[in-house]
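Undergrad: Have a look at this one before I ask anything.
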Amino acid sequence: MDDSLDAADLPTRDGRRRRRLRRGWPVALVAAALAAGIGGTLLARTQRPAALPAARQPSPPATPRPATPALADPGAWNSCTAGQLPVGRNRDVMVVGGDSTGRWQIGAVQPVGHERAIVWHDGKVVGEAGKDRTAVNLTDINSSGVAVGTDQSKDIYKGGLPVDEVPYVYRNGTFSKLRGGNGRAVAINDAGVIAGELDRQGTTLPVRWKSPDAEPELLRLPAGTDGGGVSDIASDGTIAGYAGTGTGYLWQADGTTHRIDPLTIPGIRSTGGLSPAKFRFGWLIAGVPVYYEDPTVNASRAPSDRVTGERQMEFRYRPRPASWELLSDGIEAAPDGAAGASPGIWVGQARRSLPPYRPASKPESYVVPYISEDGHTVAGTAIAGDLASDARRMPVIWHCR
């Protein structure tokens, strides 16, 4: 039975959708790191969208198969050296991510306001968005140096929010639009397959481009689902994301799909949601929001008047057989990107410390979002001041052995 939906068959009704508003997203990354959270939702009115032009549907689904088998986490380091990635004439530059090999990194110049993309290869600047593309935000890069992201220039230049976003690709020093219209390019793997989203009359739809020159292909959605979105793509082409109001979902390269069932945590009340984030070392990292009562806030309150909040617990997941591992309780640490005075990054269930970067202006905190697949190259941002102030941001790279 074919349970897929064409974009034109999505029902007309009020629903929830996720949309990444990427203006100032490096600052949002810092805030998210401090809160140890992943993802977010917005309320929107879902209208009947138009069909994707020249879109191709994948083959009917077969029996779901597992994603790429999990690799072993990299071993512990003996030593690491820290150095600054070059910034040219720029003052504030932030690292966003990098490729699987450790040779390519991407970042944002002037991450507060009209940020623009910067690309490093083997420790040298090889690409930087010009004044005509000051709001291109790169989000991923592969081992061939092809990067993807989103352009928000049209709306930001007008002083508004980035409502009219356009997916972009960077290759050979040139930025160009992907086909399909408004949306976002989120991730790219080493084979050049791109995962992203397109916007159709108020609905976000998950798509993939089989190459930077290809037409977008609509990813299959469960029957009765109001759109969806993506968060990452694995080396084997498996795309992680969500369908509808937040159900975790995997789309595999051959068209098979796999729903990620909500995690049951003994003794902890879950909200029933799940936020797939990214693939790392063969696992999918995901945030699971749970309810909790802050003991400080509720200390003097009667049981009937206690305040209940939400926090994220970070896990990693493999689909077959379904396997979960706790990475962080979401309060004291996050799997990566955590801001703190001491630099470090989580590798599986272990936090690896890094030597601090020692420039003339002493950093007060670090955000470390990137590690290569072999674990030998790590990159992040040193922040020389309070996160809430106009602190200088410096891109840092660590080489570890």
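Quick note on naming: the chains in the structure tokens go A, B, ... in the order shown, residues restart at 1 in each chain, and ligands are numbered from 1 in order of appearance.
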So which residues touch segment 165-182 of chain A within 6 Å, counting only C-alpha atoms, skipping near sequence neighbours fewer than 6 positions away, as a list in words?

TA: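 That gives Gly127, Val146, Ala147, Val148, Gly149, Thr150, Asp151, Gln152, Leu198, Asp199 and Glu215 of chain A.
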
Undergrad: Of the candidates A:Trp398, A:Tyr249, A:Phe315, A:Tyr242, which one gets nearest to Ile285 of chain A if we count only C-alpha atoms?

TA: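 When distances to Ile285 of chain A are compared using only C-alpha atoms, the smallest one comes from A:Phe315.
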
Undergrad: Where in segment 85-300 of chain A does DSSP assign strand (DSSP E), given as a ChimeraX atom specification?

TA: /A:93-98,104-109,116-121,124-128,136-141,147-151,166-171,174-177,183-188,194-200,203-209,216-218,228-233,239-243,247-251,257-260,275-280,283-293

Undergrad: Please compute the atom CA of Gly102 of chain A-atom CA of Ser365 of chain A distance, one decimal, in Å.

TA: 22.9 Å

Undergrad: Work out how far apart atom CA of Arg103 of chain A and atom CA of Arg401 of chain A are and give it in Å to one decimal.

TA: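 The value is 15.3 Å.
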
Undergrad: Can you pull out the residues contacting Val96 of chain A? Cut-off 10 Å, using only C-alpha atoms, and skip same-chain residues under 6 positions away; I want them as a PyMOL selection string.

TA: chain A and resi 25-26+29+105-108+117-118+137-140+337+367-370+379-381+395

Undergrad: How many Å separate atom CA of Arg352 of chain A from atom CA of Gly241 of chain A?

TA: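 Separation between atom CA of Arg352 of chain A and atom CA of Gly241 of chain A: 27.6 Å.
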
Undergrad: Which of these residues is nearest to Ile345 of chain A, using only C-alpha atoms: A:Ile188, A:Asp261, A:Lys210, A:Ala76?

TA: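 Of all the options, A:Ala76 lies closest to Ile345 of chain A.
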
Undergrad: Could you give me, as a list of chain:residue names, the residues within 8 Å of Phe279 of chain A, counting only C-alpha atoms and dropping anything in the same chain fewer than 6 positions from it?

TA: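 My reading of the contact set: A:Asp232, A:Ile233, A:Ala234, A:Ile285.
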
Undergrad: What would the file look like if the residues just selected were written as a PDB file, in the first residue's frame with C-alpha atoms?

TA:
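Resulting contents of part_20.pdb:
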```pdb
ATOM      1  CA  ASP A 232      20.809  16.104   8.650  1.00  0.00           C
ATOM      2  CA  ILE A 233      21.888  13.559   6.039  1.00  0.00           C
ATOM      3  CA  ALA A 234      24.189  10.583   6.675  1.00  0.00           C
ATOM      4  CA  ILE A 285      21.768  12.538  18.071  1.00  0.00           C
TER       5      ILE A 285
END
```
